[in-house]
Amino acid sequence: MKVGEALRALEAREARLLLARATGFSEASVLAHPERELPAEAETAFLEFAERRARGEPIAYLLGEKEFYGLPLAVNPAVLIPRPETELLVERALARNPSSILDLGTGSGAVALALKRHLASARVVAVERSAAALAVARRNALKLGLEVDLRHGLWFAPVAGERFDLVVSNPPYVAVGDPHLAQGDLRFEPQSALVAGADGLQALREIAASAAEHLNPGGWLLLEHGVGQDDEVRKLLREQGLEGIESWPDLAGIARVTGGGLKS
Ligand code: GLN
C-alpha cells in the first residue's frame, strides 16, 4: 500500500489521534503546529498505524485506549471495545444507588470501574472468564486507582453463596452468523465477547437463570441486550420471578437495557 492511500483511508480526526500517539504530542498540539518536523521514528510509527487502520483495525486497538463514561480505559484485542450505548447500563445502575454490585463479563472493566468511580462506598465485584481480558481490567483498575474485586471465572461461578444489591452485565448477545460480525470493528473483537448461540440469547439466559439466588431482597438485575431482544429478555426475567420489569432505550431509540427486581 502507498503512503498516500493509507492516509486517504483515514478520517481527519483519526489521523490526528494516530499522529498524536505516534509523536507523543497531544491532539491539540498536533493540530496547532502543522509546521513541526516529524521525527523519523514518529513517521514510521504513524505510517504503520495508518496502514493498519486502512486494513480495518479498530482505532481503539491502535491507540490502546477508549474513553467510557469519562474514564480513559486501556483496551487491546482481548477485550470488547466499550460502546457508548453501554453508558445507559451504567446510568440505570447508578439510578438504583446500590451498596453492592456484581458485574458479569467485565471485559476491560468498563462498567464496574464506571460504577465504582461514581459509587465510591459500594462494594464492586467483577467477574471475567477470559484471563487475558481480566488482565486488562486489572490494569485499568490500578491505573484509575479504583478498588474493584476482580475474579476469574464464568458468570456466577466465582461468587458462589454471595448476594448483591445489583447484578449488571453486558454479555455477548449477537447471534452466530450475524452479518454484523463480518463488518467494521467487530471483525477484530473477541468472538467470545460478542457471540452467544444461534439466537444471541444464550448468555442472557444463563445469567437470568441464576441471578435471583445472587440478589439481596429488593435487589436488581440489569442486562444490556441487542436490537429486538427486549421482549425475550423481559420474559426471561419474569420467568425468574423478578418484578417491576422495564426496558430502556439507548440514544438511538433502541430498547437496549432491561431490568427487574427481587421482591423486598
Ligand atoms: N453492542 C455490540 C455490537 O453489536 C455487541 C456487544 C455485545 O454483544 N455485548 O456491536
# chains A, B, ... in the order shown; residues from 1 in each chain; ligands from 1
$ residues_around --residues "range 57-66 of chain A" --least-positions-apart "4" --cutoff "10 Å" --atoms "only C-alpha atoms" --output "number ranges by chain"
A: 14-15, 17-18, 20-22, 48-53, 70-83, 108, 110, 184-189
$ select_by_dssp --residues "range 139-204 of chain A" --states "alpha helix (DSSP H)" --output "mmCIF file with N, CA and C atoms, in the first residue's frame"
data_model
loop_
_atom_site.group_PDB
_atom_site.id
_atom_site.type_symbol
_atom_site.label_atom_id
_atom_site.label_comp_id
_atom_site.auth_asym_id
_atom_site.auth_seq_id
_atom_site.Cartn_x
_atom_site.Cartn_y
_atom_site.Cartn_z
ATOM 1 N N ARG A 139 -5.361 -3.912 34.974
ATOM 2 C CA ARG A 139 -4.510 -2.770 34.622
ATOM 3 C C ARG A 139 -5.321 -1.467 34.728
ATOM 4 N N ASN A 140 -6.561 -1.496 34.257
ATOM 5 C CA ASN A 140 -7.402 -0.296 34.317
ATOM 6 C C ASN A 140 -7.731 0.093 35.752
ATOM 7 N N ALA A 141 -8.050 -0.895 36.583
ATOM 8 C CA ALA A 141 -8.391 -0.612 37.983
ATOM 9 C C ALA A 141 -7.210 0.046 38.684
ATOM 10 N N LEU A 142 -6.018 -0.496 38.415
ATOM 11 C CA LEU A 142 -4.794 0.020 39.028
ATOM 12 C C LEU A 142 -4.516 1.449 38.553
ATOM 13 N N LYS A 143 -4.590 1.647 37.246
ATOM 14 C CA LYS A 143 -4.284 2.943 36.651
ATOM 15 C C LYS A 143 -5.237 4.022 37.158
ATOM 16 N N LEU A 144 -6.521 3.643 37.312
ATOM 17 C CA LEU A 144 -7.532 4.620 37.726
ATOM 18 C C LEU A 144 -7.646 4.701 39.244
ATOM 19 N N GLN A 202 -28.126 -16.852 24.442
ATOM 20 C CA GLN A 202 -27.623 -17.906 25.334
ATOM 21 C C GLN A 202 -27.054 -17.354 26.649
ATOM 22 N N ALA A 203 -26.204 -16.345 26.544
ATOM 23 C CA ALA A 203 -25.581 -15.789 27.754
ATOM 24 C C ALA A 203 -26.633 -15.100 28.620
ATOM 25 N N LEU A 204 -27.545 -14.367 27.977
ATOM 26 C CA LEU A 204 -28.609 -13.675 28.722
ATOM 27 C C LEU A 204 -29.457 -14.695 29.482
#
$ residues_near_ligand --ligand "ligand 1" --cutoff "7 Å" --atoms "only C-alpha atoms and all ligand atoms" --output "list in words"
Arg83, Asn170, Pro171, Pro172, Tyr173, Val174, Leu186, Ala193, Leu194, Val195, His225 and Gly226 of chain A
$ write_last_selection --atoms "N, CA and C atoms" --output "PDB file, in the first residue's frame"
ATOM      1  N   ARG A  83     -18.716   0.487  24.321  1.00  0.00           N
ATOM      2  CA  ARG A  83     -19.605   1.192  23.394  1.00  0.00           C
ATOM      3  C   ARG A  83     -20.362   2.305  24.119  1.00  0.00           C
ATOM      4  N   ASN A 170     -23.149  -6.710  30.535  1.00  0.00           N
ATOM      5  CA  ASN A 170     -23.231  -6.510  29.095  1.00  0.00           C
ATOM      6  C   ASN A 170     -22.622  -7.760  28.477  1.00  0.00           C
ATOM      7  N   PRO A 171     -23.393  -8.826  28.386  1.00  0.00           N
ATOM      8  CA  PRO A 171     -22.845 -10.107  27.932  1.00  0.00           C
ATOM      9  C   PRO A 171     -22.804 -10.160  26.403  1.00  0.00           C
ATOM     10  N   PRO A 172     -22.197 -11.194  25.839  1.00  0.00           N
ATOM     11  CA  PRO A 172     -22.332 -11.357  24.381  1.00  0.00           C
ATOM     12  C   PRO A 172     -23.806 -11.578  24.039  1.00  0.00           C
ATOM     13  N   TYR A 173     -24.278 -10.951  22.968  1.00  0.00           N
ATOM     14  CA  TYR A 173     -25.688 -11.152  22.594  1.00  0.00           C
ATOM     15  C   TYR A 173     -25.933 -11.144  21.088  1.00  0.00           C
ATOM     16  N   VAL A 174     -24.871 -11.351  20.310  1.00  0.00           N
ATOM     17  CA  VAL A 174     -25.014 -11.405  18.851  1.00  0.00           C
ATOM     18  C   VAL A 174     -25.198 -12.871  18.447  1.00  0.00           C
ATOM     19  N   LEU A 186     -16.112  -5.113  14.712  1.00  0.00           N
ATOM     20  CA  LEU A 186     -16.467  -6.434  15.250  1.00  0.00           C
ATOM     21  C   LEU A 186     -15.562  -7.548  14.710  1.00  0.00           C
ATOM     22  N   ALA A 193     -16.767 -12.353  23.341  1.00  0.00           N
ATOM     23  CA  ALA A 193     -17.420 -11.199  23.952  1.00  0.00           C
ATOM     24  C   ALA A 193     -18.639 -10.758  23.148  1.00  0.00           C
ATOM     25  N   LEU A 194     -18.811 -11.347  21.973  1.00  0.00           N
ATOM     26  CA  LEU A 194     -19.870 -10.897  21.062  1.00  0.00           C
ATOM     27  C   LEU A 194     -20.963 -11.940  20.829  1.00  0.00           C
ATOM     28  N   VAL A 195     -20.545 -13.185  20.617  1.00  0.00           N
ATOM     29  CA  VAL A 195     -21.457 -14.195  20.072  1.00  0.00           C
ATOM     30  C   VAL A 195     -22.011 -15.090  21.169  1.00  0.00           C
ATOM     31  N   HIS A 225     -28.747  -5.727  26.083  1.00  0.00           N
ATOM     32  CA  HIS A 225     -29.057  -6.726  25.063  1.00  0.00           C
ATOM     33  C   HIS A 225     -29.138  -6.066  23.696  1.00  0.00           C
ATOM     34  N   GLY A 226     -29.385  -6.889  22.684  1.00  0.00           N
ATOM     35  CA  GLY A 226     -29.369  -6.399  21.309  1.00  0.00           C
ATOM     36  C   GLY A 226     -30.731  -5.900  20.827  1.00  0.00           C
TER      37      GLY A 226
END
$ closest_atom_pairs --of "range 136-205 of chain A" --to "range 118-127 of chain A" --cutoff "12 Å" --atoms "only C-alpha atoms" --output "Markdown table"
| residue | atom | partner | partner_atom | distance |
| --- | --- | --- | --- | --- |
| A:Ala137 | CA | A:Ala126 | CA | 9.1 |
| A:Arg138 | CA | A:Ala126 | CA | 10.3 |
| A:Ala141 | CA | A:Ala126 | CA | 10.9 |
| A:Gly145 | CA | A:Ala120 | CA | 11.2 |
| A:Leu146 | CA | A:Ala120 | CA | 8.5 |
| A:Glu147 | CA | A:Val124 | CA | 7.7 |
| A:Val148 | CA | A:Val124 | CA | 5.3 |
| A:Asp149 | CA | A:Val125 | CA | 4.6 |
| A:Leu150 | CA | A:Ala126 | CA | 4.9 |
| A:Arg151 | CA | A:Val127 | CA | 4.8 |
| A:His152 | CA | A:Val127 | CA | 5.8 |
| A:Gly153 | CA | A:Val127 | CA | 6.3 |
| A:Leu154 | CA | A:Val127 | CA | 7.2 |
| A:Trp155 | CA | A:Val127 | CA | 6.6 |
| A:Phe156 | CA | A:Val127 | CA | 7.8 |
| A:Ala157 | CA | A:Val127 | CA | 8.9 |
| A:Pro158 | CA | A:Val127 | CA | 7.2 |
| A:Val159 | CA | A:Val127 | CA | 8.5 |
| A:Ala160 | CA | A:Val127 | CA | 11.9 |
| A:Glu162 | CA | A:Val125 | CA | 10.4 |
| A:Arg163 | CA | A:Val125 | CA | 10.8 |
| A:Phe164 | CA | A:Arg123 | CA | 8.9 |
| A:Asp165 | CA | A:Arg123 | CA | 9.8 |
| A:Leu166 | CA | A:Val124 | CA | 9.6 |
| A:Val167 | CA | A:Val125 | CA | 9.6 |
| A:Val168 | CA | A:Ala126 | CA | 9.5 |
| A:Ser169 | CA | A:Ala126 | CA | 9.7 |
| A:Asn170 | CA | A:Val127 | CA | 11.7 |
| A:Pro171 | CA | A:Val127 | CA | 11.4 |
$ select_by_dssp --residues "range 175-254 of chain A" --states "strand (DSSP E)" --output "MDAnalysis selection string"
chainID A and resid 215:224 243:249
$ residues_around --residues "Ala175 in chain A" --least-positions-apart "4" --cutoff "6 Å" --atoms "only C-alpha atoms" --output "list in words"
Val195, Ala196, Gly197, Ala198, Asp199 and Gly200 of chain A
$ residues_around --residues "Gly261 in chain A" --least-positions-apart "4" --cutoff "8 Å" --atoms "only C-alpha atoms" --output "mmCIF file with C-alpha atoms, in the first residue's frame"
data_model
loop_
_atom_site.group_PDB
_atom_site.id
_atom_site.type_symbol
_atom_site.label_atom_id
_atom_site.label_comp_id
_atom_site.auth_asym_id
_atom_site.auth_seq_id
_atom_site.Cartn_x
_atom_site.Cartn_y
_atom_site.Cartn_z
ATOM 1 C CA GLY A 218 -35.186 -5.870 46.668
ATOM 2 C CA GLY A 219 -32.018 -6.294 44.597
ATOM 3 C CA TRP A 220 -31.964 -5.708 40.851
ATOM 4 C CA LEU A 221 -30.716 -7.385 37.703
ATOM 5 C CA LEU A 242 -38.451 -10.739 39.093
ATOM 6 C CA GLU A 243 -40.775 -7.743 39.403
ATOM 7 C CA GLY A 244 -41.036 -4.171 38.148
ATOM 8 C CA ILE A 245 -39.559 -5.297 34.843
#
$ atom_distance --atom1 "CA of Gly107 in chain A" --atom2 "CA of Ala131 in chain A"
9.7 Å
$ closest_residue --among "A:Leu89, A:Ala112, A:Ala135, A:Ala212" --to "Thr258 in chain A" --atoms "only C-alpha atoms"
A:Leu89
$ atom_distance --atom1 "CA of Arg36 in chain A" --atom2 "CA of Arg13 in chain A"
18.3 Å
$ closest_residue --among "A:Leu222, A:Leu134, A:Ala32, A:Leu201" --to "Glu246 in chain A" --atoms "only C-alpha atoms"
A:Leu222
